[in-house]
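What follows is a single structure, written as structure tokens, with notes after it.
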Amino acid sequence: MSTRTRLTAEERHEQLVTAAVTAFSHGGYAGTTTDQVARLAGVSQPYVIRIFRTKQELFIAAVNRAGDRIDAKFRQAAAAEPTLASLGEAYDELLAERELIVLLLHGFTAAADPAIGDQVRACFGRLYETVREVTGASSTEAREFFSIGMLLTCLGAMHVIGPDPVPRQPWMVDLMATWEHKH
């Protein structure tokens with residue numbers, strides 16, 4: 001006879017957000033249903049709605065999970081070396097978590113929806129403030145940092161860099177040659 005352990009409410013919440021990150025990274029906000037998230041989490045769709053009330057709230061929770069992960073990684077890197085370079089190296093590691101970066105891009109595109117946009121902008125703003133706070137970077141330096149980060153995010157989402165990259169086309173080789181270290 002096996003003993004089945006029930007998950008706590010917090011553990012079930014985490015399980016749903018983890019499933020939401022996966023589902024929304026694949027289908028985006030418009031192309032993902034709460035039923036798909038429920039199936040990934042192994043729960044019923046009404047349970048997902050009972051916990052999150054709306055698909056919007058679930059999507060926002062997933063985007064915030066991604067933002068929190070980046071924030072934590074930046075703070076960890078800054079504790080060892082509070083420079084933009086160390087935060088950049090930390091972000092390079094996060095590029096391997098393709099679901100995370102693709103979800104962020106879906107969050108940015110869904111930001112036209114006022115209920116989502118305010119939350120996505122707040123998430124991005126927290127990351128900007130974290131970078132400035134932990135490194136002492138000027139607004140111009142932070143802008144450059146985020147500009148490169150967004151380029152890397154796009155390249156990662158397109159499988160140009162990160163795990164299992166596509167074969168390099170000439171434009172990719174040319175662009176990647178502009179960095180001192182290879183991605």
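In the structure tokens, chains take letters A, B, ... by order of appearance, with residues numbered from 1 within each chain and ligands from 1 in the order shown.
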Applying 8 Å and only C-alpha atoms, which residues near segment 143-151 of chain A remain after dropping the ones on its own chain fewer than 3 positions away? List them as a short mmCIF file (atom, residue, chain, number, x, y, z; two decimals) with all heavy atoms, in the first residue's frame.
```
data_model
loop_
_atom_site.label_atom_id
_atom_site.label_comp_id
_atom_site.auth_asym_id
_atom_site.auth_seq_id
_atom_site.Cartn_x
_atom_site.Cartn_y
_atom_site.Cartn_z
N LEU A 84 28.16 45.43 -14.02
CA LEU A 84 27.31 45.04 -15.15
C LEU A 84 27.85 43.79 -15.83
O LEU A 84 27.08 42.94 -16.29
CB LEU A 84 27.20 46.19 -16.15
CG LEU A 84 26.37 47.39 -15.68
CD1 LEU A 84 26.47 48.53 -16.68
CD2 LEU A 84 24.93 47.00 -15.44
N GLY A 88 25.81 40.49 -16.56
CA GLY A 88 25.74 39.98 -17.93
C GLY A 88 26.08 38.51 -17.99
O GLY A 88 25.43 37.74 -18.70
N TYR A 91 23.18 36.62 -16.74
CA TYR A 91 22.11 36.54 -17.74
C TYR A 91 22.46 35.53 -18.83
O TYR A 91 21.58 34.81 -19.32
CB TYR A 91 21.80 37.91 -18.35
CG TYR A 91 20.50 37.91 -19.10
CD1 TYR A 91 19.29 37.83 -18.43
CD2 TYR A 91 20.47 37.95 -20.49
CE1 TYR A 91 18.08 37.80 -19.12
CE2 TYR A 91 19.27 37.92 -21.19
CZ TYR A 91 18.08 37.84 -20.50
OH TYR A 91 16.89 37.79 -21.17
N TYR A 128 15.09 46.74 -14.07
CA TYR A 128 15.88 47.94 -14.35
C TYR A 128 16.38 48.56 -13.05
O TYR A 128 17.57 48.88 -12.91
CB TYR A 128 15.03 48.94 -15.14
CG TYR A 128 15.72 50.25 -15.43
CD1 TYR A 128 16.61 50.37 -16.49
CD2 TYR A 128 15.49 51.37 -14.63
CE1 TYR A 128 17.25 51.58 -16.76
CE2 TYR A 128 16.12 52.57 -14.89
CZ TYR A 128 17.00 52.68 -15.95
OH TYR A 128 17.63 53.87 -16.20
N SER A 139 21.83 55.64 -15.77
CA SER A 139 20.68 55.27 -16.61
C SER A 139 21.16 54.92 -18.03
O SER A 139 20.63 54.01 -18.66
CB SER A 139 19.63 56.37 -16.63
OG SER A 139 20.20 57.59 -17.02
N THR A 140 22.17 55.61 -18.51
CA THR A 140 22.71 55.31 -19.85
C THR A 140 23.37 53.94 -19.86
O THR A 140 23.17 53.15 -20.79
CB THR A 140 23.71 56.40 -20.28
OG1 THR A 140 23.03 57.66 -20.31
CG2 THR A 140 24.30 56.10 -21.65
N CYS A 154 16.39 37.86 -27.79
CA CYS A 154 15.84 37.55 -29.12
C CYS A 154 16.65 36.46 -29.81
O CYS A 154 16.08 35.53 -30.39
CB CYS A 154 15.80 38.81 -29.99
SG CYS A 154 14.59 40.02 -29.43
N LEU A 155 17.97 36.56 -29.73
CA LEU A 155 18.82 35.53 -30.35
C LEU A 155 18.59 34.17 -29.69
O LEU A 155 18.57 33.14 -30.37
CB LEU A 155 20.29 35.93 -30.27
CG LEU A 155 20.70 37.14 -31.11
CD1 LEU A 155 22.14 37.54 -30.80
CD2 LEU A 155 20.50 36.88 -32.59
#
```
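Near Val17 of chain A, within a cut-off of 6 Å and counting only C-alpha atoms, sit the residues Glu14, Ala20 and Ala62 of chain A, with same-chain residues fewer than 3 positions away left out.
One finds atom CA of Ile161 of chain A at 21.0 Å from atom CA of Phe24 of chain A.
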* For Glu99 of chain A, list every protein, DNA or RNA residue within 8 Å, evaluated using only C-alpha atoms, and leave out those in the same chain fewer than 2 positions away; present the list as a PyMOL selection string. => chain A and resi 21-22+25-26+97+101-103
* Quick one: residues within 12 Å of Asp35 of chain A, only C-alpha atoms counted, chain neighbours fewer than 5 positions away excluded, as a ChimeraX atom specification? -> /A:16,19-20,23-24,40-49,54-55,58
* To do: Give me the residues within 12 Å of segment 112-127 of chain A as a PyMOL selection string, counting only C-alpha atoms and dropping any in the same chain fewer than 5 places off.
  => chain A and resi 29-30+54-75+87+91+103-107+132-134+142-143+145-146+149-150
* To do: Enumerate the residues of segment 36-162 of chain A with a DSSP assignment of alpha helix (DSSP H), computed from the backbone, and present them as a ChimeraX atom specification.
  => /A:36-41,45-52,55-80,84-94,98-109,114-135,139-157
